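Input: a single structure, listed below in structure tokens.
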Amino acid sequence: MRPDSAGMAAWLTPNRPTLFAALALASATALAQQPARQDLNQLKLTVEQFLQSQVAGMAGQVSVAVGPIDQRMSLASCPQPQAFFMPGARAWGKTTVGVRCASPSAWTVYIQANVSVQADYVASAVPLAQGQPIEATQLAMVRGDLTTLPAGVATDVGQVIGRSSNVSLAAGTPLRLDTLRSKPVVQSGQLVKLVSGNASFRVSSEARAVATASEGQMVAVRTANGSQVTGIARAGGLVEVAF
């Protein structure tokens, strides 16, 4: 016997609670099958810990700030993400750190960061004339972020006193070691003591310097018989020649 129209509708219409349960189960199954996503905050922590290890032992007050990470980025979860520097990069000022995953899914991202180093550095307290020996009273210690200054800034007045600048400097200028000349220990035309020898014996004689040189620099000298030799300038008017 065929069902009436109401019975036919009930027969054709699916049970709503059953349908919803089936859809929920399918959705949960699909979510369970999707791979876990990487915690982006963990990436930020990985970069911070990497930079902290790079600056360990550095003089001054070091602070590390990791830049924002695009929250729209979707990466497969990685149990051991590895941070690394690109060639030429370093933990100094504005920098970029790479983070890679090898397994179970391979991916690499790059995250910006900033490393600042607050420390004292040497600056000129007064204008400094080119070529004039620098005295302690002409110097001042200033505190600042070394990463924003030129490379090679002096951080100890002992590195500067007695040396001279290659150019004239205004007051307040940070002093760079590569722009300072050491005080000459040998002057051109000066009569020097030429010391030569080895571990077994040493011989000394007089010679005349052909050029001006600072401690540790190579300088040519002319001996009494007119021959020219090259040695290392030392304090006290000595020139060492090794055999």
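Just so we're on the same page: first chain in the structure tokens is A, next is B, and so on; residues restart at 1 for each chain, and ligands are numbered from 1 in the order they show up.
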
Just asking: which residues within chain A are alpha helix (DSSP H) according to DSSP, as a VMD selection string?
chain A and resid 5 to 12 16 to 33 40 to 54

Sorted per-residue table, range 146-179 of chain A near range 212-228 of chain A, closest atoms and distance, 12 Å, only C-alpha atoms, as a Markdown table:
| residue | atom | partner | partner_atom | distance |
| --- | --- | --- | --- | --- |
| A:Gly162 | CA | A:Ser214 | CA | 11.3 |
| A:Arg163 | CA | A:Ser214 | CA | 9.8 |
| A:Ser164 | CA | A:Ser214 | CA | 11.4 |

Keeping only N, CA and C atoms, write the selected residues as an mmCIF file, in the first residue's frame.
data_model
loop_
_atom_site.group_PDB
_atom_site.id
_atom_site.type_symbol
_atom_site.label_atom_id
_atom_site.label_comp_id
_atom_site.auth_asym_id
_atom_site.auth_seq_id
_atom_site.Cartn_x
_atom_site.Cartn_y
_atom_site.Cartn_z
ATOM 1 N N GLY A 162 97.402 60.399 23.172
ATOM 2 C CA GLY A 162 98.709 60.348 22.533
ATOM 3 C C GLY A 162 98.646 60.156 21.030
ATOM 4 N N ARG A 163 97.493 59.750 20.525
ATOM 5 C CA ARG A 163 97.355 59.591 19.083
ATOM 6 C C ARG A 163 96.843 60.888 18.478
ATOM 7 N N SER A 164 96.793 60.980 17.164
ATOM 8 C CA SER A 164 96.318 62.194 16.503
ATOM 9 C C SER A 164 95.326 61.816 15.418
#

Could you name the residues that touch Gly152 in chain A at 12 Å or less, counting only C-alpha atoms, but leaving out those on the same chain fewer than 5 positions away, as a ChimeraX atom specification?
/A:121-122,146-147,159,174-180

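The gap separating CA of Ala233 in chain A from CA of Ile161 in chain A is 19.4 Å, in Å to one decimal.
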
Determine the nearest neighbour of Cys101 in chain A from the options A:Ser77, A:Gln61, A:Thr155, A:Ser196, counting only C-alpha atoms.
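Once distances to Cys101 in chain A are computed over only C-alpha atoms, the minimum belongs to A:Ser77.
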
Pull the strand (DSSP E or B) assignments for range 16-242 of chain A out of DSSP run on the backbone, and list those residues as a ChimeraX atom specification.
/A:37,61-66,76,82-85,93-101,107-124,128,139-145,153,164-165,169,174,176,180-181,184-186,191-197,202-209,213-214,218-223,228-234,238-242

Create the file for the chosen residues now, containing C-alpha atoms and written as a PDB file, in the first residue's frame.
ATOM      1  CA  ARG A  37      49.779  24.916  12.350  1.00  0.00           C
ATOM      2  CA  GLN A  61      73.721  46.963  27.977  1.00  0.00           C
ATOM      3  CA  VAL A  62      72.335  44.845  25.142  1.00  0.00           C
ATOM      4  CA  SER A  63      68.640  44.701  24.263  1.00  0.00           C
ATOM      5  CA  VAL A  64      66.929  42.591  21.599  1.00  0.00           C
ATOM      6  CA  ALA A  65      63.615  43.507  19.960  1.00  0.00           C
ATOM      7  CA  VAL A  66      62.009  41.113  17.480  1.00  0.00           C
ATOM      8  CA  ALA A  76      52.966  23.550   9.284  1.00  0.00           C
ATOM      9  CA  GLN A  82      66.202  26.449  13.689  1.00  0.00           C
ATOM     10  CA  ALA A  83      67.263  30.112  13.587  1.00  0.00           C
ATOM     11  CA  PHE A  84      70.190  31.215  11.416  1.00  0.00           C
ATOM     12  CA  PHE A  85      71.903  34.273   9.967  1.00  0.00           C
ATOM     13  CA  GLY A  93      71.515  47.107  14.837  1.00  0.00           C
ATOM     14  CA  LYS A  94      68.741  46.297  12.387  1.00  0.00           C
ATOM     15  CA  THR A  95      69.151  42.715  11.263  1.00  0.00           C
ATOM     16  CA  THR A  96      67.261  39.786   9.747  1.00  0.00           C
ATOM     17  CA  VAL A  97      67.115  36.267  11.162  1.00  0.00           C
ATOM     18  CA  GLY A  98      66.014  33.243   9.181  1.00  0.00           C
ATOM     19  CA  VAL A  99      64.016  30.426  10.756  1.00  0.00           C
ATOM     20  CA  ARG A 100      63.804  27.087   8.959  1.00  0.00           C
ATOM     21  CA  CYS A 101      62.069  23.779   9.439  1.00  0.00           C
ATOM     22  CA  TRP A 107      59.739  25.848   5.165  1.00  0.00           C
ATOM     23  CA  THR A 108      61.844  28.963   5.768  1.00  0.00           C
ATOM     24  CA  VAL A 109      60.795  32.407   6.926  1.00  0.00           C
ATOM     25  CA  TYR A 110      62.757  35.615   7.606  1.00  0.00           C
ATOM     26  CA  ILE A 111      62.052  37.825  10.604  1.00  0.00           C
ATOM     27  CA  GLN A 112      63.383  41.321  11.248  1.00  0.00           C
ATOM     28  CA  ALA A 113      64.832  42.342  14.593  1.00  0.00           C
ATOM     29  CA  ASN A 114      66.880  45.090  16.193  1.00  0.00           C
ATOM     30  CA  VAL A 115      69.821  44.728  18.565  1.00  0.00           C
ATOM     31  CA  SER A 116      70.928  47.822  20.476  1.00  0.00           C
ATOM     32  CA  VAL A 117      74.042  48.182  22.628  1.00  0.00           C
ATOM     33  CA  GLN A 118      74.054  50.989  25.177  1.00  0.00           C
ATOM     34  CA  ALA A 119      77.640  51.688  26.245  1.00  0.00           C
ATOM     35  CA  ASP A 120      80.144  54.492  26.848  1.00  0.00           C
ATOM     36  CA  TYR A 121      82.268  55.673  23.940  1.00  0.00           C
ATOM     37  CA  VAL A 122      84.991  58.303  23.506  1.00  0.00           C
ATOM     38  CA  ALA A 123      84.136  61.639  21.906  1.00  0.00           C
ATOM     39  CA  SER A 124      85.987  64.895  21.494  1.00  0.00           C
ATOM     40  CA  LEU A 128      90.622  68.644  17.739  1.00  0.00           C
ATOM     41  CA  LEU A 139      88.127  63.838  25.605  1.00  0.00           C
ATOM     42  CA  ALA A 140      84.738  62.982  27.062  1.00  0.00           C
ATOM     43  CA  MET A 141      82.919  59.715  27.678  1.00  0.00           C
ATOM     44  CA  VAL A 142      79.424  59.677  26.196  1.00  0.00           C
ATOM     45  CA  ARG A 143      76.753  57.006  26.573  1.00  0.00           C
ATOM     46  CA  GLY A 144      74.801  55.934  23.515  1.00  0.00           C
ATOM     47  CA  ASP A 145      73.752  53.127  21.210  1.00  0.00           C
ATOM     48  CA  VAL A 153      84.458  53.826  17.749  1.00  0.00           C
ATOM     49  CA  SER A 164      96.318  62.194  16.503  1.00  0.00           C
ATOM     50  CA  SER A 165      93.401  62.507  14.117  1.00  0.00           C
ATOM     51  CA  LEU A 169      87.175  67.178  14.393  1.00  0.00           C
ATOM     52  CA  PRO A 174      82.844  60.077  18.247  1.00  0.00           C
ATOM     53  CA  ARG A 176      87.032  56.177  15.347  1.00  0.00           C
ATOM     54  CA  LEU A 180      93.622  58.011  14.441  1.00  0.00           C
ATOM     55  CA  ARG A 181      97.362  57.798  14.007  1.00  0.00           C
ATOM     56  CA  PRO A 184     105.464  58.222  16.087  1.00  0.00           C
ATOM     57  CA  VAL A 185     108.252  56.389  17.888  1.00  0.00           C
ATOM     58  CA  VAL A 186     110.662  56.950  14.998  1.00  0.00           C
ATOM     59  CA  LEU A 191     119.359  58.340  14.366  1.00  0.00           C
ATOM     60  CA  VAL A 192     118.043  55.009  15.633  1.00  0.00           C
ATOM     61  CA  LYS A 193     119.474  51.843  17.122  1.00  0.00           C
ATOM     62  CA  LEU A 194     119.177  48.977  14.660  1.00  0.00           C
ATOM     63  CA  VAL A 195     118.822  45.680  16.517  1.00  0.00           C
ATOM     64  CA  SER A 196     119.106  42.399  14.650  1.00  0.00           C
ATOM     65  CA  GLY A 197     119.585  38.775  15.500  1.00  0.00           C
ATOM     66  CA  ARG A 202     121.629  39.917  18.970  1.00  0.00           C
ATOM     67  CA  VAL A 203     123.671  42.640  17.290  1.00  0.00           C
ATOM     68  CA  SER A 204     123.015  46.360  17.461  1.00  0.00           C
ATOM     69  CA  SER A 205     124.300  49.227  15.360  1.00  0.00           C
ATOM     70  CA  GLU A 206     123.313  52.756  14.441  1.00  0.00           C
ATOM     71  CA  ALA A 207     121.228  53.691  11.419  1.00  0.00           C
ATOM     72  CA  ARG A 208     119.173  56.637  10.213  1.00  0.00           C
ATOM     73  CA  ALA A 209     115.405  56.363   9.676  1.00  0.00           C
ATOM     74  CA  ALA A 213     106.704  55.278  11.887  1.00  0.00           C
ATOM     75  CA  SER A 214     104.514  54.439  14.876  1.00  0.00           C
ATOM     76  CA  MET A 218     107.521  48.774   9.315  1.00  0.00           C
ATOM     77  CA  VAL A 219     110.137  51.444   8.627  1.00  0.00           C
ATOM     78  CA  ALA A 220     113.163  51.671   6.325  1.00  0.00           C
ATOM     79  CA  VAL A 221     116.530  52.749   7.744  1.00  0.00           C
ATOM     80  CA  ARG A 222     119.898  53.412   6.158  1.00  0.00           C
ATOM     81  CA  THR A 223     123.012  51.932   7.745  1.00  0.00           C
ATOM     82  CA  GLN A 228     118.933  50.188   3.325  1.00  0.00           C
ATOM     83  CA  VAL A 229     117.071  47.660   5.453  1.00  0.00           C
ATOM     84  CA  THR A 230     113.524  47.452   6.801  1.00  0.00           C
ATOM     85  CA  GLY A 231     112.527  46.686  10.382  1.00  0.00           C
ATOM     86  CA  ILE A 232     109.820  47.150  12.983  1.00  0.00           C
ATOM     87  CA  ALA A 233     109.705  50.488  14.803  1.00  0.00           C
ATOM     88  CA  ARG A 234     109.775  50.259  18.592  1.00  0.00           C
ATOM     89  CA  LEU A 238     114.695  51.125  18.210  1.00  0.00           C
ATOM     90  CA  VAL A 239     114.212  49.316  14.923  1.00  0.00           C
ATOM     91  CA  GLU A 240     114.118  45.521  15.022  1.00  0.00           C
ATOM     92  CA  VAL A 241     115.250  43.407  12.086  1.00  0.00           C
ATOM     93  CA  ALA A 242     114.674  39.667  12.401  1.00  0.00           C
TER      94      ALA A 242
END

Residue nearest Val167 in chain A among A:Ser74, A:Ser188, A:Gln132, A:Gln138 (counting only C-alpha atoms):
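For Val167 in chain A, the nearest of the candidates is A:Gln132.
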